[in-house]
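One file, structure_5.txt, is given below (compact mmCIF, C-alpha atoms).
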# COMPACT_ATOMS: atom_id res chain seq x y z
CA MET A 56 96.19 117.40 74.14
CA PHE A 57 95.94 119.75 77.12
CA ALA A 58 96.17 123.55 77.00
CA SER A 59 98.52 125.71 79.05
CA LYS A 60 95.58 126.63 81.27
CA ASP A 61 95.59 123.00 82.37
CA ASN A 62 98.86 123.39 84.28
CA ILE A 63 98.66 122.01 87.80
CA THR A 64 100.94 122.05 90.85
CA ILE A 65 102.95 119.24 92.41
CA GLN A 66 100.58 119.25 95.38
CA GLN A 67 97.56 118.81 93.11
CA MET A 68 99.40 115.98 91.40
CA VAL A 69 99.58 114.09 94.71
CA TYR A 70 95.83 114.40 95.23
CA ILE A 71 95.14 113.36 91.64
CA VAL A 72 97.12 110.14 92.01
CA ILE A 73 95.46 109.31 95.33
CA GLN A 74 91.95 109.83 94.01
CA ALA A 75 92.64 108.00 90.76
CA GLN A 76 93.96 104.94 92.63
CA ILE A 77 91.33 104.69 95.36
CA GLY A 78 88.08 103.64 93.76
CA VAL A 79 85.54 100.88 93.36
CA GLY A 80 87.94 98.12 94.40
CA ILE A 81 88.23 99.34 97.97
CA LEU A 82 85.09 97.47 99.09
CA SER A 83 86.04 94.06 97.74
CA LEU A 84 89.82 94.24 98.23
CA PRO A 85 89.94 92.14 101.46
CA TYR A 86 87.62 89.57 99.87
CA ASN A 87 89.70 89.28 96.69
CA VAL A 88 93.05 89.03 98.49
CA ALA A 89 91.87 86.69 101.28
CA LYS A 90 90.86 84.08 98.70
CA TYR A 91 94.58 83.40 98.29
CA ALA A 92 96.51 84.86 101.23
CA ASP A 93 94.12 84.17 104.13
CA HIS A 94 95.48 85.79 107.32
CA ASP A 95 98.44 87.20 105.40
CA SER A 96 96.36 89.41 103.11
CA TRP A 97 97.86 92.54 104.63
CA ILE A 98 101.33 91.31 103.61
CA SER A 99 100.08 90.76 100.05
CA THR A 100 98.84 94.34 99.91
CA LEU A 101 102.21 95.69 101.06
CA ILE A 102 104.06 93.57 98.50
CA ALA A 103 101.70 94.76 95.76
CA GLY A 104 102.51 98.37 96.64
CA VAL A 105 106.24 97.70 96.43
CA LEU A 106 105.92 95.94 93.07
CA MET A 107 103.91 98.81 91.62
CA ILE A 108 106.75 101.23 92.36
CA GLY A 109 108.71 99.39 89.67
CA VAL A 110 105.90 100.07 87.17
CA ILE A 111 105.87 103.73 88.21
CA LEU A 112 109.61 103.97 87.56
CA VAL A 113 109.21 102.48 84.08
CA MET A 114 106.52 105.02 83.17
CA TRP A 115 108.52 107.86 84.69
CA MET A 116 111.66 106.97 82.73
CA LEU A 117 109.62 106.85 79.53
CA CYS A 118 108.08 110.27 80.19
CA ASN A 119 111.47 111.61 81.22
CA GLN A 120 112.80 110.74 77.77
CA TYR A 121 110.18 113.06 76.24
CA PRO A 122 109.36 115.59 79.00
CA CYS A 123 107.37 117.89 76.70
CA LEU A 124 105.14 115.20 75.22
CA VAL A 125 102.07 113.51 76.64
CA MET A 126 101.90 109.73 76.48
CA TYR A 127 99.75 109.67 73.35
CA ASP A 128 102.36 111.75 71.50
CA ILE A 129 105.11 109.49 72.84
CA PHE A 130 103.36 106.55 71.20
CA LYS A 131 103.69 108.20 67.78
CA LYS A 132 107.21 109.42 68.50
CA THR A 133 108.61 106.01 69.46
CA SER A 134 106.63 103.63 67.26
CA GLY A 135 105.81 105.68 64.17
CA GLU A 136 102.64 107.38 63.01
CA PHE A 137 100.58 104.32 62.07
CA LEU A 138 101.51 102.09 65.01
CA GLY A 139 101.30 105.07 67.35
CA LYS A 140 97.74 105.84 66.28
CA THR A 141 96.87 102.16 66.66
CA LEU A 142 98.16 102.27 70.23
CA ILE A 143 96.09 105.38 70.91
CA VAL A 144 92.92 103.60 69.75
CA CYS A 145 93.80 100.53 71.84
CA TYR A 146 94.40 102.61 74.95
CA ALA A 147 91.17 104.56 74.41
CA ILE A 148 89.24 101.28 74.19
CA TYR A 149 91.09 99.94 77.23
CA PHE A 150 90.14 103.00 79.30
CA MET A 151 86.53 102.75 78.15
CA LEU A 152 86.37 99.08 79.18
CA GLN A 153 87.85 99.96 82.55
CA GLY A 154 85.30 102.73 82.96
CA SER A 155 82.45 100.41 81.99
CA TYR A 156 83.61 97.80 84.48
CA ILE A 157 83.79 100.41 87.26
CA LEU A 158 80.30 101.64 86.40
CA ALA A 159 78.91 98.11 86.40
CA ARG A 160 80.46 97.30 89.78
CA TYR A 161 79.21 100.60 91.16
CA GLY A 162 75.70 100.01 89.87
CA HIS A 163 75.64 96.48 91.22
CA ILE A 164 76.72 97.52 94.74
CA VAL A 165 74.49 100.60 94.98
CA GLY A 166 71.55 98.62 93.58
CA SER A 167 72.09 95.83 96.11
CA TRP A 168 72.68 97.95 99.21
CA VAL A 169 70.89 101.27 98.74
CA LEU A 170 68.51 101.57 95.78
CA GLU A 171 67.11 98.09 95.37
CA ARG A 172 64.03 99.15 93.40
CA THR A 173 65.76 101.71 91.20
CA PRO A 174 66.70 100.45 87.70
CA HIS A 175 70.44 100.05 87.39
CA TRP A 176 70.60 102.11 84.22
CA ILE A 177 69.32 105.14 86.13
CA ILE A 178 71.95 104.72 88.86
CA ILE A 179 74.71 104.45 86.28
CA SER A 180 73.39 107.28 84.10
CA LEU A 181 73.52 109.71 87.02
CA MET A 182 77.17 108.83 87.64
CA VAL A 183 78.02 109.30 83.95
CA ALA A 184 76.22 112.66 83.77
CA VAL A 185 77.98 114.10 86.83
CA SER A 186 81.37 112.81 85.71
CA ALA A 187 80.96 114.18 82.19
CA TYR A 188 80.05 117.60 83.60
CA LEU A 189 83.41 117.82 85.40
CA VAL A 190 85.50 116.15 82.68
CA LYS A 191 84.32 118.61 80.00
CA ASP A 192 86.09 121.42 81.84
CA THR A 193 89.83 122.06 82.27
CA LEU A 194 92.31 119.79 83.99
CA GLN A 195 92.71 122.43 86.69
CA SER A 196 89.03 122.17 87.55
CA LEU A 197 89.30 118.40 87.84
CA ALA A 198 92.40 118.71 90.02
CA ARG A 199 90.64 121.15 92.34
CA PHE A 200 87.73 118.75 92.70
CA TYR A 201 90.13 115.93 93.59
CA VAL A 202 91.76 118.15 96.22
CA LEU A 203 88.35 119.09 97.61
CA VAL A 204 87.11 115.51 98.11
CA THR A 205 90.34 113.92 99.36
CA PRO A 206 89.67 114.79 103.05
CA LEU A 207 86.63 112.50 102.85
CA LEU A 208 89.10 109.61 102.99
CA ILE A 209 89.71 110.57 106.61
CA ILE A 210 86.05 109.79 107.34
CA LEU A 211 86.44 106.38 105.69
CA LEU A 212 89.47 105.74 107.90
CA PHE A 213 87.57 106.82 111.00
CA LEU A 214 84.58 104.60 110.22
CA SER A 215 86.86 101.63 109.56
CA THR A 216 88.99 102.28 112.65
CA TYR A 217 85.90 102.34 114.86
CA SER A 218 85.43 98.63 114.19
CA LEU A 219 88.73 97.91 115.99
CA LYS A 220 86.85 98.04 119.27
CA ASP A 221 85.50 94.57 118.39
CA ALA A 222 88.73 93.32 116.83
CA ASN A 223 90.88 90.41 117.89
CA PHE A 224 94.47 90.82 116.77
CA LEU A 225 95.14 87.12 117.26
CA TYR A 226 93.14 86.47 114.09
CA ILE A 227 96.15 87.39 111.91
CA LEU A 228 98.33 84.73 113.53
CA PRO A 229 100.34 82.79 112.58
CA ILE A 230 101.99 85.28 110.25
CA GLY A 231 103.20 83.71 107.02
CA SER A 232 101.06 80.60 107.34
CA ALA A 233 99.54 81.10 103.88
CA GLY A 234 102.89 80.47 102.21
CA ALA A 235 104.96 82.65 99.90
CA LEU A 236 103.18 81.48 96.73
CA ASN A 237 99.70 82.31 98.03
CA ILE A 238 100.87 85.64 99.39
CA PHE A 239 102.14 86.60 95.94
CA LYS A 240 98.89 85.39 94.37
CA GLY A 241 97.08 87.71 96.75
CA SER A 242 99.41 90.53 95.72
CA LYS A 243 98.21 90.13 92.15
CA GLU A 244 94.65 90.84 93.29
CA ALA A 245 95.76 93.82 95.34
CA ILE A 246 97.68 95.29 92.40
CA PHE A 247 94.52 95.72 90.35
CA SER A 248 92.94 97.79 93.12
CA MET A 249 95.91 100.18 93.00
CA LEU A 250 95.72 101.05 89.32
CA GLY A 251 95.22 104.72 88.54
CA PHE A 252 98.65 106.25 88.90
CA ASP A 253 99.02 106.00 85.12
CA PHE A 254 96.79 109.09 84.86
CA ILE A 255 99.64 111.37 85.82
CA PHE A 256 101.84 110.13 82.98
CA PHE A 257 99.32 111.39 80.45
CA ILE A 258 99.51 114.88 81.97
CA PHE A 259 103.22 114.78 82.85
CA PRO A 260 104.22 117.93 80.89
CA PHE A 261 101.52 120.03 82.55
CA VAL A 262 102.70 119.57 86.12
CA ASN A 263 104.77 122.50 87.35
CA GLY A 264 108.00 121.10 88.75
CA SER A 265 111.11 119.14 87.89
CA SER A 266 111.06 115.56 86.72
CA LYS A 267 112.40 114.31 90.06
CA GLN A 268 109.76 116.28 91.95
CA LYS A 269 107.05 114.66 89.87
CA LEU A 270 108.46 111.20 90.53
CA LYS A 271 108.69 111.91 94.24
CA ALA A 272 105.08 113.17 94.29
CA VAL A 273 103.73 110.08 92.50
CA ILE A 274 105.65 107.71 94.79
CA MET A 275 104.48 109.59 97.89
CA ALA A 276 100.87 109.35 96.75
CA HIS A 277 101.30 105.67 95.91
CA ILE A 278 102.82 104.93 99.32
CA PHE A 279 99.85 106.63 100.97
CA VAL A 280 97.43 104.50 98.95
CA THR A 281 99.40 101.34 99.74
CA LEU A 282 99.35 102.04 103.48
CA PHE A 283 95.68 103.05 103.27
CA TYR A 284 94.72 99.78 101.59
CA THR A 285 96.95 97.71 103.88
CA TYR A 286 95.36 99.27 106.94
CA LEU A 287 91.85 98.56 105.68
CA VAL A 288 92.72 94.96 104.85
CA PHE A 289 94.31 94.54 108.28
CA ILE A 290 91.16 95.85 109.97
CA SER A 291 88.97 93.40 108.09
CA LEU A 292 91.25 90.51 109.08
CA VAL A 293 91.17 91.30 112.81
CA TYR A 294 87.42 91.95 112.75
CA PHE A 295 86.22 88.77 111.08
CA MET A 296 86.90 85.51 112.87
CA SER A 297 88.54 83.84 109.88
CA PRO A 298 89.28 84.35 106.16
CA ALA A 299 86.36 81.98 105.54
CA ASP A 300 84.06 84.65 106.96
CA ILE A 301 85.54 87.23 104.59
CA ASN A 302 85.07 84.82 101.69
CA LEU A 303 81.36 84.84 102.44
CA THR A 304 81.18 88.65 102.37
CA PRO A 305 82.16 90.20 99.00
CA GLU A 306 81.97 93.70 100.53
CA PRO A 307 83.31 93.16 104.07
CA PHE A 308 83.62 96.85 104.96
CA ILE A 309 79.91 97.42 104.49
CA TYR A 310 79.10 94.46 106.72
CA MET A 311 81.49 95.76 109.40
CA ILE A 312 80.13 99.29 109.42
CA LYS A 313 76.51 98.18 109.16
CA ALA A 314 76.81 96.69 112.65
CA TYR A 315 77.35 100.13 114.19
CA SER A 316 75.12 103.15 114.67
CA PHE A 317 75.44 106.54 116.34
CA HIS A 318 72.87 108.87 117.84
CA VAL A 319 73.03 111.15 114.80
CA ILE A 320 73.44 108.53 112.08
CA GLU A 321 71.70 105.17 112.41
CA ARG A 322 72.58 103.52 109.06
CA MET A 323 76.35 103.95 108.99
CA ASP A 324 76.62 101.65 105.99
CA LEU A 325 74.64 104.13 103.87
CA PHE A 326 76.85 106.96 105.07
CA PHE A 327 79.94 104.91 104.17
CA ILE A 328 78.61 104.10 100.70
CA SER A 329 77.80 107.77 100.09
CA ILE A 330 81.46 108.68 100.61
CA TRP A 331 82.66 105.65 98.66
CA ILE A 332 80.58 106.78 95.66
CA ILE A 333 82.73 109.91 95.40
CA SER A 334 85.87 107.77 95.22
CA VAL A 335 84.25 105.74 92.45
CA ALA A 336 83.45 108.96 90.59
CA THR A 337 87.03 110.23 90.74
CA SER A 338 88.34 106.94 89.32
CA PHE A 339 85.76 106.93 86.55
CA MET A 340 86.39 110.58 85.68
CA TYR A 341 90.04 110.09 84.86
CA LEU A 342 89.24 107.13 82.61
CA LEU A 343 86.56 109.17 80.87
CA LEU A 344 89.04 112.00 80.37
CA LEU A 345 91.85 109.82 79.02
CA SER A 346 89.65 107.94 76.56
CA SER A 347 88.15 111.16 75.18
CA LYS A 348 91.59 112.81 75.07
CA GLY A 349 92.92 109.83 73.15
CA LEU A 350 90.34 110.21 70.38
CA ALA A 351 90.86 113.98 70.44
CA ASN A 352 94.59 113.48 69.93
CA LEU A 353 93.87 111.12 67.07
CA PHE A 354 91.63 113.52 65.17
CA LYS A 355 93.20 116.82 66.37
CA LEU A 356 89.94 118.04 67.90
CA GLU A 357 88.73 119.10 71.35
CA HIS A 358 88.00 116.23 73.70
CA THR A 359 84.52 117.62 74.34
CA ARG A 360 83.60 116.56 70.79
CA PHE A 361 84.09 112.90 71.73
CA LEU A 362 82.95 113.04 75.34
CA PRO A 363 79.23 112.38 74.62
CA LEU A 364 80.13 109.39 72.43
CA ILE A 365 82.44 107.96 75.11
CA CYS A 366 79.73 108.42 77.75
CA VAL A 367 77.12 106.61 75.68
CA ILE A 368 79.47 103.71 74.88
CA THR A 369 80.59 103.22 78.49
CA LEU A 370 76.99 103.44 79.66
CA ILE A 371 75.75 100.80 77.21
CA VAL A 372 78.67 98.45 77.85
CA SER A 373 78.35 98.82 81.64
CA ILE A 374 74.66 97.87 81.46
CA TRP A 375 75.66 94.76 79.50
CA PHE A 376 78.33 93.99 82.17
CA MET A 377 75.83 94.36 85.00
CA HIS A 378 75.24 90.68 85.69
CA ILE A 379 77.68 89.35 88.30
CA ASP A 380 78.75 86.41 86.10
CA LYS A 381 79.64 88.74 83.24
CA LEU A 382 81.52 90.98 85.66
CA ASN A 383 83.72 88.07 86.72
CA VAL A 384 84.43 87.12 83.10
CA ILE A 385 85.23 90.69 82.08
CA ASN A 386 87.48 91.05 85.11
CA LYS A 387 89.59 88.12 83.86
CA TYR A 388 90.02 89.77 80.45
CA LEU A 389 90.82 93.12 82.06
CA THR A 390 93.45 91.42 84.21
CA ALA A 391 95.37 90.44 81.08
CA CYS A 392 94.86 93.92 79.63
CA HIS A 393 96.31 95.52 82.76
CA TYR A 394 99.58 93.64 82.30
CA VAL A 395 99.78 94.64 78.65
CA PHE A 396 98.81 98.32 78.91
CA GLN A 397 100.27 99.15 82.32
CA LEU A 398 103.59 97.32 82.10
CA PHE A 399 104.45 95.57 78.84
CA ILE A 400 103.78 98.41 76.38
CA PRO A 401 105.43 101.17 78.51
CA ALA A 402 108.48 98.93 79.09
CA LEU A 403 108.69 98.10 75.37
CA LEU A 404 108.41 101.77 74.38
CA LEU A 405 111.07 102.67 76.95
CA ALA A 406 113.44 100.11 75.41
CA VAL A 407 112.68 101.46 71.92
CA SER A 408 113.34 105.04 73.03
CA PHE A 409 116.69 104.07 74.53
CA ILE A 410 117.72 102.21 71.36
CA THR A 411 116.57 105.08 69.11
CA LYS A 412 118.43 107.72 71.10
CA ARG A 413 121.51 105.51 71.26
CA ARG A 414 121.54 105.09 67.48
CA ALA A 415 121.04 108.83 67.00
CA SER A 416 123.96 109.52 69.34
CA VAL A 417 126.21 107.07 67.45
CA ARG A 418 125.31 108.67 64.10
CA HIS A 419 126.00 112.13 65.49
CA GLU A 420 129.43 111.04 66.76
CA ALA A 421 130.20 109.41 63.39
CA LYS A 422 129.56 112.71 61.60
How does this structure look as C-alpha cells?
Amino acid sequence: MFASKDNITIQQMVYIVIQAQIGVGILSLPYNVAKYADHDSWISTLIAGVLMIGVILVMWMLCNQYPCLVMYDIFKKTSGEFLGKTLIVCYAIYFMLQGSYILARYGHIVGSWVLERTPHWIIISLMVAVSAYLVKDTLQSLARFYVLVTPLLIILLFLSTYSLKDANFLYILPIGSAGALNIFKGSKEAIFSMLGFDFIFFIFPFVNGSSKQKLKAVIMAHIFVTLFYTYLVFISLVYFMSPADINLTPEPFIYMIKAYSFHVIERMDLFFISIWIISVATSFMYLLLLSSKGLANLFKLEHTRFLPLICVITLIVSIWFMHIDKLNVINKYLTACHYVFQLFIPALLLAVSFITKRRASVRHEAK
C-alpha cells in the first residue's frame, strides 16, 4: 500500500494526527454543541475527547495484532478475501463521502464569507486540485507539509484569545445546569469534529518506533486537539451573552473575529478564514489519500491511477451536497456511518482477531 520511502517519524505522526483531526468542523463546533449543552458545551468537548481515547485504543489493539499490515490488509486477514475486499470498497466510499461533505461545507462557507460572486464549483475545484497535487506524492511529503502548516494553529489561538478582552466569564455559570443527558448529547456533536486520528492506523507499519510509542504519540496529539477545541468552545461561551446568541451564529468564531481590526490587517475574519482553509485542506487530503489507497490495494496498482477518478467523484458529489438542506441530511447519514466505520467494525475485527489467534494457539498446543 505504501512503499518503504513512505516511512515517517514519531514526531511527524503527532503532526499528522493533529492536522487530520482539526478541519472544517472547527468553525461550527460551538454552534453544534451549544444546541444541546448550552453553557456546559466546554464540558461536552472534554468528555468527547475522553471517549475518543477508547476508540483509539480499540484501533491500536487491532493494529498491534498485525503490526506489519496496513488496515486494508487487516480487513482481508481477519474476515477473508471476499468480505475483506467488500470492506475496502465500503471504506473507500465512506472516505469519499466524508471528503465530499468537507468540500461542500468549505465551499459554502468560503462562498458566503469571502467569494460571494465566485461559482462554488470553482472554489471547490481549486481545493481538489491543490490537494491532489500533494496526495500524488509520497507519504513523507504529505507529513512534511503537515509539519510545516501546524504552527499556523498558534495564529488561530492568538486570534481567538484576543476576543477574551470582551469576555464575561460569568456567562458559563451555573456549571452543570444543562444536565448530564444534554451534556452527553453535546459530546456526540463534538466527537464528529475530532475524527481524523484513524488516518494513522492506515499507515501504522510505516511509522518508525515501537507500538507503545505510536500509541503514546496518537494519544498526545488527540489530547492536544481536545484541549484546543475545548479552549475555543470556552472562548465562544464567554464572548457571547448566551447560548441563544451562539445558536443564531452557525460560525461563531468568524463573527467574533470580524469585530476586531488591527492597523496592519483590517478584515481579521478574512485572515482567519485564510488560515482555516489550510486546516480544511489537510483534513481533505488524508481522506483523498485513503480512498485512493483503498482502490489501489484492491486492484494492486499505484494509488495515482485512481486519484483522478476519486477527485472527480468527490467534486461532483460535493457540488450536489452544496445546498444547506442537503448538507444537514447528509450529515445525519454520515453520523451513522461514523459509528459503524470508526467504532463498530474495528471492534468487531479486533474480537475476530482475538478469537482466531486463540483457536490457532489451542490447535498448536493440541499438536
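Reported to one decimal place, the separation of atom CA of Val185 of chain A from atom CA of Ser346 of chain A is 16.7 Å.
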Env of Tyr294 of chain A: 7 Å cut, atoms = only C-alpha atoms, seq-sep filter 4 positions within chain, self excluded. Answer as a PDB file with C-alpha atoms, in the frame of the given file.
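Okay, around.pdb is ready:
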ATOM      1  CA  LEU A 219      88.730  97.910 115.990  1.00  0.00           C
ATOM      2  CA  ASP A 221      85.500  94.570 118.390  1.00  0.00           C
ATOM      3  CA  ALA A 222      88.730  93.320 116.830  1.00  0.00           C
ATOM      4  CA  ASN A 223      90.880  90.410 117.890  1.00  0.00           C
ATOM      5  CA  ILE A 290      91.160  95.850 109.970  1.00  0.00           C
TER       6      ILE A 290
END
Counting all atoms listed in the file, what are the residues of segment 126-229 of chain A within 9 Å of segment 57-76 of chain A, and for each of them which pair of atoms is the nearest and at what distance in Å, to one decimal? Sort the table by chain and rising number, as a Markdown table.
| residue | atom | partner | partner_atom | distance |
| --- | --- | --- | --- | --- |
| A:Thr193 | CA | A:Asp61 | CA | 5.8 |
| A:Leu194 | CA | A:Asp61 | CA | 4.9 |
| A:Gln195 | CA | A:Asp61 | CA | 5.2 |
| A:Ser196 | CA | A:Asp61 | CA | 8.4 |
| A:Leu197 | CA | A:Ile71 | CA | 8.6 |
| A:Ala198 | CA | A:Gln67 | CA | 6.0 |
| A:Arg199 | CA | A:Gln67 | CA | 7.3 |
| A:Tyr201 | CA | A:Ile71 | CA | 6.0 |
| A:Val202 | CA | A:Tyr70 | CA | 5.6 |
| A:Val204 | CA | A:Gln74 | CA | 8.5 |
| A:Thr205 | CA | A:Tyr70 | CA | 6.9 |
Distance query Ala235 of chain A at most 10 Å, only C-alpha atoms, self and fewer than 6 positions along chain excluded, as a ChimeraX atom specification: /A:92,95,99,241
Given only C-alpha atoms as the counted atoms, nearest of A:Ile301, A:Cys118, A:Ile238, A:Ile98 to Lys132 of chain A: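 When distances to Lys132 of chain A are compared using only C-alpha atoms, the smallest one comes from A:Cys118.
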Residues within 7 Å of (98.5, 100.5, 98.1), file coords, only C-alpha atoms, listed as a PyMOL selection string: chain A and resi 100-101+103-104+249+277-285
Distance in Å - atom CA of Tyr217 of chain A versus atom CA of Val335 of chain A: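 Separating atom CA of Tyr217 of chain A from atom CA of Val335 of chain A is a distance of 22.7 Å.
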Ile309 of chain A environment, 10 Å, all atoms listed in the file, sequence neighbours closer than 4 positions dropped, as a PyMOL selection string: chain A and resi 82-83+168+215+304-305+313-314+323-325+327-328
Residues of segment 210-300 of chain A that have any atom at most 10 Å from an atom of segment 388-394 of chain A: could you tabulate them with the shortest-distance atom pair and the distance in Å to one decimal, using all atoms listed in the file, ordered by chain and increasing number, as JSON lines?
{"residue": "A:Lys243", "atom": "CA", "partner": "A:Thr390", "partner_atom": "CA", "distance": 9.3}
{"residue": "A:Glu244", "atom": "CA", "partner": "A:Thr390", "partner_atom": "CA", "distance": 9.2}
{"residue": "A:Ile246", "atom": "CA", "partner": "A:His393", "partner_atom": "CA", "distance": 9.7}
{"residue": "A:Phe247", "atom": "CA", "partner": "A:Thr390", "partner_atom": "CA", "distance": 7.6}
{"residue": "A:Leu250", "atom": "CA", "partner": "A:His393", "partner_atom": "CA", "distance": 8.6}
Shortest interatomic distance to Ile129 of chain A - which of A:Val190, A:Ile258, A:Val105, A:Ala276, counting only C-alpha atoms: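 Of A:Val190, A:Ile258, A:Val105, A:Ala276, the one nearest Ile129 of chain A is A:Ile258, counting only C-alpha atoms.
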Report the centre and edge lengths, in Å to one decimal, of an axis-aligned box enclosing every atom of segment 318-327 of chain A listed in the file, padded by 6 Å on each side, as lines of an AutoDock Vina configuration file.
center_x = 75.8
center_y = 106.4
center_z = 110.9
size_x = 20.2
size_y = 21.5
size_z = 26.0
Residue among A:Ala147, A:Leu181, A:Leu228, A:Ile209 lying closest to Leu343 of chain A, counting all atoms listed in the file: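 Smallest separation from Leu343 of chain A among the options: A:Ala147.
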Contacts of Lys355 of chain A within 12 Å, only C-alpha atoms, excl. fewer than 5 positions in-chain, as a ChimeraX atom specification: /A:56-57,127-128,140,347-350,360-361
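Atom CA of Leu398 of chain A lies 6.2 Å from atom CA of Val110 of chain A.
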Selection: 12 Å around Val407 of chain A, only C-alpha atoms, excl. self and same-chain fewer than 4 positions, as a ChimeraX atom specification: /A:117,120,129-135,400-403,411-414
From A:Leu158, A:Leu203, A:Leu189, A:Ile330, residue lying nearest Leu382 of chain A [all atoms listed in the file]: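 Using all atoms listed in the file, Leu382 of chain A sits closest to A:Leu158.
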Selected residue, from A:Ile178, A:Cys145, A:Ala184, A:Leu287, that lies nearest to Leu353 of chain A when counting only C-alpha atoms: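 Among A:Ile178, A:Cys145, A:Ala184, A:Leu287, it is A:Cys145 that comes nearest to Leu353 of chain A.
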Counting only C-alpha atoms, the residue of A:Ala351, A:His378, A:Val262, A:Glu321 that sits nearest Pro122 of chain A: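 When distances to Pro122 of chain A are compared using only C-alpha atoms, the smallest one comes from A:Val262.
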Exercise: residues within 10 Å of coordinate (97.4, 104.8, 81.3), counting all atoms listed in the file, as a ChimeraX atom specification: /A:114,126-127,146-147,149-150,250-257,341-342,345-346,393,396-398,401
Residues just named, written with C-alpha atoms as a compact mmCIF listing (two decimals), keeping the file's coordinate frame:
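Final output, saved to part05.txt:
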# COMPACT_ATOMS: atom_id res chain seq x y z
CA MET A 114 106.52 105.02 83.17
CA MET A 126 101.90 109.73 76.48
CA TYR A 127 99.75 109.67 73.35
CA TYR A 146 94.40 102.61 74.95
CA ALA A 147 91.17 104.56 74.41
CA TYR A 149 91.09 99.94 77.23
CA PHE A 150 90.14 103.00 79.30
CA LEU A 250 95.72 101.05 89.32
CA GLY A 251 95.22 104.72 88.54
CA PHE A 252 98.65 106.25 88.90
CA ASP A 253 99.02 106.00 85.12
CA PHE A 254 96.79 109.09 84.86
CA ILE A 255 99.64 111.37 85.82
CA PHE A 256 101.84 110.13 82.98
CA PHE A 257 99.32 111.39 80.45
CA TYR A 341 90.04 110.09 84.86
CA LEU A 342 89.24 107.13 82.61
CA LEU A 345 91.85 109.82 79.02
CA SER A 346 89.65 107.94 76.56
CA HIS A 393 96.31 95.52 82.76
CA PHE A 396 98.81 98.32 78.91
CA GLN A 397 100.27 99.15 82.32
CA LEU A 398 103.59 97.32 82.10
CA PRO A 401 105.43 101.17 78.51
